[in-house]
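Asks: This one is target-v2.cif, mmCIF, C-alpha atoms (C1' of nucleotides).
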data_query
loop_
_atom_site.group_PDB
_atom_site.id
_atom_site.type_symbol
_atom_site.label_atom_id
_atom_site.label_comp_id
_atom_site.auth_asym_id
_atom_site.auth_seq_id
_atom_site.Cartn_x
_atom_site.Cartn_y
_atom_site.Cartn_z
ATOM 1 C CA MET T 268 43.785 -19.575 -13.702
ATOM 2 C CA SER T 269 40.845 -20.661 -11.610
ATOM 3 C CA ASP T 270 42.208 -23.659 -9.774
ATOM 4 C CA LYS T 271 38.787 -25.195 -9.591
ATOM 5 C CA TYR T 272 38.899 -28.430 -7.667
ATOM 6 C CA ASP T 273 35.796 -30.391 -7.034
ATOM 7 C CA ILE T 274 36.463 -31.593 -3.546
ATOM 8 C CA THR T 275 33.693 -33.478 -1.814
ATOM 9 C CA ASP T 276 32.828 -33.292 1.855
ATOM 10 C CA ALA T 277 34.618 -36.494 2.753
ATOM 11 C CA GLU T 278 37.651 -35.451 0.770
ATOM 12 C CA LEU T 279 37.676 -32.019 2.351
ATOM 13 C CA GLU T 280 38.211 -33.547 5.772
ATOM 14 C CA ILE T 281 41.442 -35.030 4.482
ATOM 15 C CA MET T 282 42.499 -31.837 2.782
ATOM 16 C CA GLN T 283 42.009 -29.912 5.983
ATOM 17 C CA ILE T 284 44.344 -32.253 7.782
ATOM 18 C CA LEU T 285 46.933 -31.994 5.031
ATOM 19 C CA TRP T 286 46.698 -28.219 4.995
ATOM 20 C CA LYS T 287 47.241 -28.080 8.712
ATOM 21 C CA GLU T 288 50.055 -30.627 8.829
ATOM 22 C CA LYS T 289 51.653 -29.512 5.575
ATOM 23 C CA LYS T 290 52.443 -33.139 4.858
ATOM 24 C CA CYS T 291 51.265 -36.340 6.369
ATOM 25 C CA ASP T 292 51.443 -40.075 6.069
ATOM 26 C CA LEU T 293 48.428 -42.308 6.261
ATOM 27 C CA ASN T 294 48.944 -43.374 9.842
ATOM 28 C CA THR T 295 49.155 -39.817 11.054
ATOM 29 C CA ILE T 296 45.944 -39.030 9.236
ATOM 30 C CA MET T 297 44.341 -42.027 10.870
ATOM 31 C CA GLU T 298 45.503 -40.892 14.288
ATOM 32 C CA ILE T 299 44.122 -37.424 13.770
ATOM 33 C CA LEU T 300 40.818 -38.746 12.542
ATOM 34 C CA ASN T 301 40.530 -41.434 15.156
ATOM 35 C CA THR T 302 40.069 -38.924 17.911
ATOM 36 C CA ASP T 303 36.370 -39.104 17.469
ATOM 37 C CA ASN T 304 36.084 -40.811 14.160
ATOM 38 C CA GLU T 305 36.458 -44.484 13.416
ATOM 39 C CA LYS T 306 36.576 -44.242 9.660
ATOM 40 C CA ASN T 307 38.086 -47.197 7.968
ATOM 41 C CA LYS T 308 41.643 -46.978 6.749
ATOM 42 C CA ASN T 309 40.555 -48.203 3.343
ATOM 43 C CA THR T 310 38.104 -45.372 3.076
ATOM 44 C CA ILE T 311 40.826 -42.835 3.706
ATOM 45 C CA LYS T 312 43.047 -44.548 1.183
ATOM 46 C CA THR T 313 40.341 -44.270 -1.438
ATOM 47 C CA LEU T 314 39.791 -40.622 -0.641
ATOM 48 C CA LEU T 315 43.501 -39.930 -0.939
ATOM 49 C CA ARG T 316 43.642 -41.742 -4.249
ATOM 50 C CA ARG T 317 40.746 -39.693 -5.597
ATOM 51 C CA LEU T 318 42.330 -36.481 -4.409
ATOM 52 C CA ILE T 319 45.504 -37.458 -6.230
ATOM 53 C CA LEU T 320 43.514 -38.209 -9.369
ATOM 54 C CA LYS T 321 41.983 -34.772 -9.126
ATOM 55 C CA GLY T 322 45.370 -33.191 -8.715
ATOM 56 C CA ALA T 323 44.537 -31.850 -5.281
ATOM 57 C CA VAL T 324 47.137 -33.963 -3.499
ATOM 58 C CA LYS T 325 50.604 -35.196 -4.385
ATOM 59 C CA SER T 326 52.148 -38.300 -2.926
ATOM 60 C CA LYS T 327 55.805 -38.875 -2.367
ATOM 61 C CA LYS T 328 57.278 -42.296 -1.863
ATOM 62 C CA ILE T 329 59.788 -42.644 0.939
ATOM 63 C CA GLY T 330 61.655 -45.840 0.321
ATOM 64 C CA LEU T 331 59.552 -48.660 -1.008
ATOM 65 C CA LYS T 332 56.666 -48.787 1.411
ATOM 66 C CA GLU T 333 56.180 -45.402 2.979
ATOM 67 C CA THR T 334 54.191 -42.666 1.327
ATOM 68 C CA VAL T 335 53.750 -39.061 2.334
ATOM 69 C CA TYR T 336 50.834 -36.990 1.143
ATOM 70 C CA VAL T 337 51.111 -33.287 0.436
ATOM 71 C CA PRO T 338 48.397 -30.827 -0.523
ATOM 72 C CA ALA T 339 48.751 -29.635 -4.106
ATOM 73 C CA VAL T 340 46.043 -27.025 -3.819
ATOM 74 C CA ASN T 341 46.487 -23.759 -2.045
ATOM 75 C CA GLU T 342 44.068 -23.483 0.840
ATOM 76 C CA GLU T 343 43.443 -19.778 0.329
ATOM 77 C CA LYS T 344 42.634 -20.235 -3.328
ATOM 78 C CA PHE T 345 40.374 -23.109 -2.541
ATOM 79 C CA LEU T 346 38.492 -21.147 0.099
ATOM 80 C CA ASN T 347 38.085 -18.238 -2.261
ATOM 81 C CA ASN T 348 36.647 -20.504 -4.903
ATOM 82 C CA GLU T 349 34.273 -22.052 -2.431
ATOM 83 C CA ASN T 350 33.189 -18.635 -1.221
ATOM 84 C CA GLU T 351 32.446 -17.642 -4.750
ATOM 85 C CA SER T 352 30.496 -20.794 -5.510
ATOM 86 C CA PHE T 353 28.512 -20.347 -2.347
ATOM 87 C CA LEU T 354 27.712 -16.737 -3.111
ATOM 88 C CA ASN T 355 26.725 -17.589 -6.650
ATOM 89 C CA ARG T 356 24.591 -20.497 -5.599
ATOM 90 C CA LEU T 357 22.586 -18.697 -2.965
ATOM 91 C CA TYR T 358 23.155 -14.978 -3.164
ATOM 92 C CA ASN T 359 23.447 -14.319 -6.840
ATOM 93 C CA GLY T 360 27.114 -13.660 -6.320
ATOM 94 C CA SER T 361 26.531 -10.728 -4.006
ATOM 95 C CA THR T 362 28.603 -10.504 -0.863
ATOM 96 C CA ASP T 363 26.320 -7.735 0.308
ATOM 97 C CA LYS T 364 23.263 -9.949 0.334
ATOM 98 C CA LEU T 365 25.048 -12.556 2.394
ATOM 99 C CA LEU T 366 26.255 -10.015 4.912
ATOM 100 C CA LEU T 367 22.871 -8.440 5.119
ATOM 101 C CA ASN T 368 21.461 -11.817 5.948
ATOM 102 C CA PHE T 369 24.072 -12.314 8.652
ATOM 103 C CA VAL T 370 23.337 -8.964 10.198
ATOM 104 C CA GLU T 371 19.621 -9.507 10.081
ATOM 105 C CA ASN T 372 20.059 -12.794 11.839
ATOM 106 C CA LYS T 373 22.428 -11.353 14.419
ATOM 107 C CA LYS T 374 25.229 -13.580 13.254
ATOM 108 C CA ILE T 375 27.601 -10.635 13.373
ATOM 109 C CA SER T 376 28.252 -8.540 16.406
ATOM 110 C CA LYS T 377 28.922 -4.829 16.416
ATOM 111 C CA GLU T 378 32.329 -5.530 17.902
ATOM 112 C CA GLU T 379 33.269 -7.841 15.082
ATOM 113 C CA LEU T 380 32.212 -5.281 12.516
ATOM 114 C CA GLN T 381 34.265 -2.630 14.265
ATOM 115 C CA LYS T 382 37.275 -4.876 14.294
ATOM 116 C CA LEU T 383 36.933 -5.418 10.572
ATOM 117 C CA MET T 384 36.563 -1.687 9.974
ATOM 118 C CA ASP T 385 39.766 -1.099 11.868
ATOM 119 C CA MET T 386 41.542 -3.723 9.821
ATOM 120 C CA LEU T 387 40.517 -2.063 6.626
ATOM 121 C CA GLU T 388 41.539 1.347 7.899
ATOM 122 C CA SER T 389 44.984 0.298 8.963
ATOM 123 C CA GLU T 390 45.571 -1.423 5.663
ATOM 124 C CA ASP T 391 45.461 1.337 3.109
ATOM 125 C CA MET C 145 12.535 -27.378 14.344
ATOM 126 C CA SER C 146 15.486 -27.203 12.024
ATOM 127 C CA ASP C 147 13.741 -27.516 8.698
ATOM 128 C CA LYS C 148 16.700 -29.242 7.155
ATOM 129 C CA TYR C 149 16.028 -29.889 3.515
ATOM 130 C CA ASP C 150 18.604 -31.524 1.378
ATOM 131 C CA ILE C 151 18.121 -29.599 -1.793
ATOM 132 C CA THR C 152 20.557 -30.296 -4.588
ATOM 133 C CA ASP C 153 21.935 -27.759 -7.035
ATOM 134 C CA ALA C 154 19.549 -28.703 -9.814
ATOM 135 C CA GLU C 155 16.623 -28.650 -7.421
ATOM 136 C CA LEU C 156 17.639 -25.315 -6.005
ATOM 137 C CA GLU C 157 17.214 -23.675 -9.390
ATOM 138 C CA ILE C 158 13.580 -24.713 -9.311
ATOM 139 C CA MET C 159 13.100 -23.606 -5.725
ATOM 140 C CA GLN C 160 14.482 -20.185 -6.543
ATOM 141 C CA ILE C 161 11.909 -19.780 -9.278
ATOM 142 C CA LEU C 162 9.113 -20.911 -6.982
ATOM 143 C CA TRP C 163 10.244 -18.574 -4.233
ATOM 144 C CA LYS C 164 10.265 -15.670 -6.614
ATOM 145 C CA GLU C 165 6.962 -16.484 -8.311
ATOM 146 C CA LYS C 166 5.232 -17.672 -5.141
ATOM 147 C CA LYS C 167 3.522 -20.307 -7.248
ATOM 148 C CA CYS C 168 4.092 -21.576 -10.716
ATOM 149 C CA ASP C 169 2.976 -24.147 -13.236
ATOM 150 C CA LEU C 170 5.371 -26.261 -15.229
ATOM 151 C CA ASN C 171 5.133 -24.211 -18.388
ATOM 152 C CA THR C 172 5.964 -21.003 -16.614
ATOM 153 C CA ILE C 173 8.963 -22.664 -15.068
ATOM 154 C CA MET C 174 10.012 -23.831 -18.508
ATOM 155 C CA GLU C 175 9.665 -20.323 -19.903
ATOM 156 C CA ILE C 176 11.726 -18.845 -17.131
ATOM 157 C CA LEU C 177 14.423 -21.461 -17.520
ATOM 158 C CA ASN C 178 14.449 -21.336 -21.275
ATOM 159 C CA THR C 179 15.979 -17.904 -21.318
ATOM 160 C CA ASP C 180 19.411 -19.363 -21.482
ATOM 161 C CA ASN C 181 18.733 -22.899 -20.530
ATOM 162 C CA GLU C 182 17.331 -25.666 -22.672
ATOM 163 C CA LYS C 183 16.774 -28.200 -19.958
ATOM 164 C CA ASN C 184 14.364 -30.906 -20.811
ATOM 165 C CA LYS C 185 10.843 -30.722 -19.507
ATOM 166 C CA ASN C 186 11.135 -34.243 -18.197
ATOM 167 C CA THR C 187 14.111 -33.260 -16.150
ATOM 168 C CA ILE C 188 12.175 -30.470 -14.513
ATOM 169 C CA LYS C 189 9.292 -32.826 -13.855
ATOM 170 C CA THR C 190 11.595 -35.201 -12.089
ATOM 171 C CA LEU C 191 13.123 -32.426 -10.043
ATOM 172 C CA LEU C 192 9.690 -31.200 -9.010
ATOM 173 C CA ARG C 193 8.648 -34.707 -8.072
ATOM 174 C CA ARG C 194 11.734 -35.153 -5.922
ATOM 175 C CA LEU C 195 11.166 -31.799 -4.257
ATOM 176 C CA ILE C 196 7.638 -32.899 -3.458
ATOM 177 C CA LEU C 197 8.915 -36.162 -2.028
ATOM 178 C CA LYS C 198 11.286 -34.181 0.165
ATOM 179 C CA GLY C 199 8.458 -31.977 1.339
ATOM 180 C CA ALA C 200 10.056 -28.864 -0.098
ATOM 181 C CA VAL C 201 7.279 -28.257 -2.616
ATOM 182 C CA LYS C 202 3.541 -28.744 -2.617
ATOM 183 C CA SER C 203 1.507 -29.277 -5.756
ATOM 184 C CA LYS C 204 -2.091 -28.257 -6.245
ATOM 185 C CA LYS C 205 -4.267 -29.705 -8.954
ATOM 186 C CA ILE C 206 -6.357 -27.226 -10.897
ATOM 187 C CA GLY C 207 -9.021 -29.199 -12.643
ATOM 188 C CA LEU C 208 -7.869 -32.522 -13.978
ATOM 189 C CA LYS C 209 -4.781 -31.669 -15.931
ATOM 190 C CA GLU C 210 -3.274 -28.502 -14.589
ATOM 191 C CA THR C 211 -0.918 -28.471 -11.636
ATOM 192 C CA VAL C 212 0.503 -25.556 -9.729
ATOM 193 C CA TYR C 213 3.633 -25.864 -7.653
ATOM 194 C CA VAL C 214 4.166 -23.929 -4.455
ATOM 195 C CA PRO C 215 7.241 -23.768 -2.240
ATOM 196 C CA ALA C 216 6.711 -25.485 1.090
ATOM 197 C CA VAL C 217 9.998 -24.360 2.564
ATOM 198 C CA ASN C 218 10.623 -20.895 3.809
ATOM 199 C CA GLU C 219 13.407 -19.265 1.850
ATOM 200 C CA GLU C 220 14.841 -17.470 4.858
ATOM 201 C CA LYS C 221 15.032 -20.618 6.906
ATOM 202 C CA PHE C 222 16.602 -22.453 4.059
ATOM 203 C CA LEU C 223 19.225 -19.773 3.547
ATOM 204 C CA ASN C 224 20.034 -19.764 7.226
ATOM 205 C CA ASN C 225 20.559 -23.490 7.192
ATOM 206 C CA GLU C 226 22.771 -23.264 4.160
ATOM 207 C CA ASN C 227 24.805 -20.491 5.738
ATOM 208 C CA GLU C 228 25.370 -22.629 8.746
ATOM 209 C CA SER C 229 26.395 -25.666 6.718
ATOM 210 C CA PHE C 230 28.763 -23.548 4.725
ATOM 211 C CA LEU C 231 30.333 -22.029 7.797
ATOM 212 C CA ASN C 232 30.709 -25.407 9.420
ATOM 213 C CA ARG C 233 32.170 -26.985 6.346
ATOM 214 C CA LEU C 234 34.830 -24.398 5.678
ATOM 215 C CA TYR C 235 35.186 -22.058 8.624
ATOM 216 C CA ASN C 236 34.653 -24.290 11.580
ATOM 217 C CA GLY C 237 31.343 -22.609 12.152
ATOM 218 C CA SER C 238 32.865 -19.215 12.693
ATOM 219 C CA THR C 239 31.273 -16.236 11.002
ATOM 220 C CA ASP C 240 34.286 -14.223 12.035
ATOM 221 C CA LYS C 241 36.681 -16.331 10.028
ATOM 222 C CA LEU C 242 34.548 -15.997 6.950
ATOM 223 C CA LEU C 243 34.310 -12.262 7.300
ATOM 224 C CA LEU C 244 38.007 -11.974 7.921
ATOM 225 C CA ASN C 245 38.598 -13.822 4.711
ATOM 226 C CA PHE C 246 36.269 -11.498 2.861
ATOM 227 C CA VAL C 247 37.964 -8.435 4.245
ATOM 228 C CA GLU C 248 41.408 -9.782 3.482
ATOM 229 C CA ASN C 249 40.361 -10.458 -0.057
ATOM 230 C CA LYS C 250 38.748 -7.073 -0.439
ATOM 231 C CA LYS C 251 35.378 -8.606 -0.978
ATOM 232 C CA ILE C 252 33.867 -6.099 1.413
ATOM 233 C CA SER C 253 34.189 -2.369 1.079
ATOM 234 C CA LYS C 254 34.458 0.072 3.939
ATOM 235 C CA GLU C 255 31.158 1.585 2.833
ATOM 236 C CA GLU C 256 29.415 -1.738 3.051
ATOM 237 C CA LEU C 257 30.748 -2.334 6.511
ATOM 238 C CA GLN C 258 29.593 1.110 7.589
ATOM 239 C CA LYS C 259 26.150 0.450 6.221
ATOM 240 C CA LEU C 260 25.957 -2.755 8.226
ATOM 241 C CA MET C 261 27.114 -0.974 11.357
ATOM 242 C CA ASP C 262 24.371 1.572 10.895
ATOM 243 C CA MET C 263 21.808 -1.154 10.473
ATOM 244 C CA LEU C 264 22.850 -2.792 13.704
ATOM 245 C CA GLU C 265 22.802 0.521 15.552
ATOM 246 C CA SER C 266 19.364 1.476 14.432
ATOM 247 C CA GLU C 267 17.999 -1.914 15.339
ATOM 248 C CA ASP C 268 18.517 -2.127 19.030
ATOM 249 C "C1'" DC F 246 -16.621 -40.593 -32.055
ATOM 250 C "C1'" DA F 247 -11.626 -41.830 -33.531
ATOM 251 C "C1'" DC F 248 -7.137 -39.608 -33.456
ATOM 252 C "C1'" DT F 249 -3.573 -36.822 -32.075
ATOM 253 C "C1'" DT F 250 -1.490 -33.931 -28.714
ATOM 254 C "C1'" DA F 251 -0.179 -32.389 -24.370
ATOM 255 C "C1'" DA F 252 0.225 -32.846 -19.002
ATOM 256 C "C1'" DG F 253 1.729 -35.324 -15.576
ATOM 257 C "C1'" DG F 254 3.505 -39.948 -13.635
ATOM 258 C "C1'" DT F 255 6.859 -43.844 -13.830
ATOM 259 C "C1'" DT F 256 10.987 -45.993 -14.910
ATOM 260 C "C1'" DA F 257 15.758 -45.869 -16.366
ATOM 261 C "C1'" DC F 258 20.526 -45.003 -16.497
ATOM 262 C "C1'" DA F 259 25.193 -43.151 -16.160
ATOM 263 C "C1'" DT F 260 28.094 -40.605 -12.900
ATOM 264 C "C1'" DT F 261 29.487 -39.230 -8.415
ATOM 265 C "C1'" DT F 262 30.146 -40.079 -3.580
ATOM 266 C "C1'" DG F 263 30.825 -42.501 0.744
ATOM 267 C "C1'" DT F 264 32.236 -46.652 2.359
ATOM 268 C "C1'" DA F 265 34.785 -50.786 2.410
ATOM 269 C "C1'" DA F 266 36.395 -55.551 0.939
ATOM 270 C "C1'" DT F 267 39.932 -57.808 -1.591
ATOM 271 C "C1'" DC F 268 44.341 -58.311 -3.792
ATOM 272 C "C1'" DT F 269 49.435 -57.610 -4.238
ATOM 273 C "C1'" DA F 270 53.825 -56.694 -2.888
ATOM 274 C "C1'" DT F 271 57.131 -55.413 0.681
ATOM 275 C "C1'" DA F 272 59.083 -55.923 5.146
ATOM 276 C "C1'" DA F 273 59.700 -58.036 9.523
ATOM 277 C "C1'" DT F 274 60.274 -62.360 12.032
ATOM 278 C "C1'" DA F 275 60.292 -67.285 13.401
ATOM 279 C "C1'" DT L 258 64.202 -68.997 4.003
ATOM 280 C "C1'" DA L 259 59.165 -69.691 4.801
ATOM 281 C "C1'" DT L 260 55.514 -67.124 7.168
ATOM 282 C "C1'" DT L 261 53.061 -63.395 8.666
ATOM 283 C "C1'" DA L 262 51.870 -58.740 9.059
ATOM 284 C "C1'" DT L 263 51.439 -54.354 6.736
ATOM 285 C "C1'" DA L 264 51.243 -50.538 3.123
ATOM 286 C "C1'" DG L 265 49.316 -49.371 -0.778
ATOM 287 C "C1'" DA L 266 46.464 -50.560 -5.180
ATOM 288 C "C1'" DT L 267 42.343 -52.336 -7.218
ATOM 289 C "C1'" DT L 268 37.678 -53.503 -7.319
ATOM 290 C "C1'" DA L 269 32.994 -53.275 -5.482
ATOM 291 C "C1'" DC L 270 28.645 -51.461 -4.221
ATOM 292 C "C1'" DA L 271 24.681 -48.898 -2.596
ATOM 293 C "C1'" DA L 272 22.713 -44.289 -2.430
ATOM 294 C "C1'" DA L 273 22.318 -39.804 -4.443
ATOM 295 C "C1'" DT L 274 22.184 -36.828 -8.508
ATOM 296 C "C1'" DG L 275 21.482 -35.058 -13.159
ATOM 297 C "C1'" DT L 276 19.304 -36.196 -17.134
ATOM 298 C "C1'" DA L 277 15.811 -38.096 -19.934
ATOM 299 C "C1'" DA L 278 12.957 -41.793 -22.208
ATOM 300 C "C1'" DC L 279 8.579 -44.056 -21.872
ATOM 301 C "C1'" DC L 280 3.754 -44.627 -20.338
ATOM 302 C "C1'" DT L 281 -1.030 -43.168 -19.240
ATOM 303 C "C1'" DT L 282 -4.750 -40.287 -19.405
ATOM 304 C "C1'" DA L 283 -7.289 -36.146 -20.343
ATOM 305 C "C1'" DA L 284 -8.347 -32.681 -24.078
ATOM 306 C "C1'" DG L 285 -8.848 -30.711 -28.293
ATOM 307 C "C1'" DT L 286 -9.896 -31.488 -33.457
ATOM 308 C "C1'" DG L 287 -11.432 -33.520 -37.937
#
Using the file provided, produce a representation of the structure as C-alpha cells.
Replies:
Amino acid sequence: MSDKYDITDAELEIMQILWKEKKCDLNTIMEILNTDNEKNKNTIKTLLRRLILKGAVKSKKIGLKETVYVPAVNEEKFLNNENESFLNRLYNGSTDKLLLNFVENKKISKEELQKLMDMLESED
Amino acid sequence: MSDKYDITDAELEIMQILWKEKKCDLNTIMEILNTDNEKNKNTIKTLLRRLILKGAVKSKKIGLKETVYVPAVNEEKFLNNENESFLNRLYNGSTDKLLLNFVENKKISKEELQKLMDMLESED
DNA sequence: CACTTAAGGTTACATTTGTAATCTATAATA
DNA sequence: TATTATAGATTACAAATGTAACCTTAAGTG
C-alpha cells in the first residue's frame, strides 16, 4: 500500500538521477555528479548498495562486470509520501495551513494561483 | 540572518509544545506528551538540553529547583526555513512545482484556491 | 536532623547517515 | 600467461539521533 521508503538526503540525490535517466550505470552517475560535485566513487557505491537493501533500487548485471541501476520506487508515489510527511510534521497534515503560509510570505503569485485555478477548471 | 536551526523530529515535538504554551516546565510537557505518548522523562530532558545547546530554547530557573523552558526561535521563521529546505530537497526550490503536484493530486480544492486568491487581492 | 523523593545534570549506547578505505574478482595488456 | 587496472563488495568510522540509565543536590517528612 504505502510504499514508504526511508530515503536519506544523500541517497535522494542518486534517486533523482535514476529517475531522470530511467537507468544508469555507476560511471554515468559519476559523470552527472561530477559537474560540480567531487563525491567519491566509493561513497556512491555505498549509497547505491543501501538503496538496493531498502528496495528502492534494482541492479541488473550486464555480463560479468557491468551493472545497471534502475529505480524501483515510483517518483510520484515517493513525492506524495514526502509531501504527506512534511505536512504532518509541520502543518498537522493540513495542506491549507501550508498554502496559507506560502501566500502570507508571498511565495505564490496571483498568476500562479490563476494558472492552477484554470487547470482545475479544465479538468472536471 | 537566516536563523537556521537544525531541529530533529524528536526535538520538534518539544518545540511545538513550547510554541503553543509560550513557556512550560518539564512536568507540563510530560503531561501534554503523555496523552498518547509514554516517552521517558529522561528522554525529554535530553531533548531540552540539546535544544538549549542549539540555542533554540532558553531555560529560566525559578528558585533553586524549578526550571521553565521558553522557545528562543520564532516559529514563523523556523517554518519558513523548513519550507525552503523542503522545496529545495524535492522540488528544486520551486513553489510552483509543489503546488502543481498538489493540484494534480487533488490535494487542493477550487474553494481553497479561491480563498487564497481573495487573500492576495485584499492585501495589496 | 536523618532519610527518602523528586528535579535537573551527566554519561551512555545502539542505530542511522555520510563518507571513504580496503578487499576481491574480472578484464585488459605486456 | 603474469601483471595491472577496474568494477563491485565488504568493512570502517565519526557524527548525529533517539532513547534512557545514572548521578547530584535540593526538598519534604518522620
Asks: Got a sec: who's within 8 Å of region 261-265 of chain F, counting all atoms listed in the file, leaving out chain neighbours fewer than 5 positions off, as a list in words?
Replies: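 Those residues are Thr275, Ala277, Asn307, Asn309 and Thr310 of chain T; DA273 and DT274 of chain L.
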Asks: To one decimal place in Å, what is the distance between CA of Lys308 (chain T) and CA of Ile296 (chain T)?
Replies: 9.4 Å
Asks: Listed atoms of region 266-271 of chain L, axis-aligned box, 8 Å per side: centre and edge lengths to one decimal in Å, as lines of an AutoDock Vina configuration file?
Replies:
center_x = 35.6
center_y = -51.2
center_z = -5.0
size_x = 37.8
size_y = 20.6
size_z = 20.7
Asks: Taking the file as shown, find all residues satisfying the PyMOL selection byres ((chain C) within 10 of (chain F)) and write them as a VMD selection string.
Replies: chain C and resid 170 to 171 186 189 to 190 193 208 to 211
Asks: At a cut-off of 10 Å, list the chain L residues touching chain T, using all atoms listed in the file, as a list in words.
Replies: DT263, DA264, DG265 and DA266 of chain L
Asks: Got a sec to resolve the PyMOL selection byres ((chain C) within 7 of (chain T)) on this structure and send the residues as an MDAnalysis selection string?
Replies: chainID C and resid 239 254 257 261 264
Asks: Between CA of Glu288 (chain T) and CA of Ala323 (chain T), measure the distance and give it in Å to one decimal.
Replies: 15.2 Å
Asks: Please compute the C1' of DA278 (chain L)-CA of Leu197 (chain C) distance, one decimal, in Å.
Replies: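 Taking C1' of DA278 (chain L) as the start and CA of Leu197 (chain C) as the end point, the length is 21.3 Å.
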Asks: Applying 9 Å and all atoms listed in the file, which residues near Tyr336 (chain T) remain after dropping the ones on its own chain fewer than 3 positions away? List them as a list in words.
Replies: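 After dropping sequence-adjacent residues, the list is Leu285, Lys289, Lys290, Cys291, Asp292, Leu293, Leu315, Val324, Lys325, Ser326, Lys327 and Lys328 of chain T.
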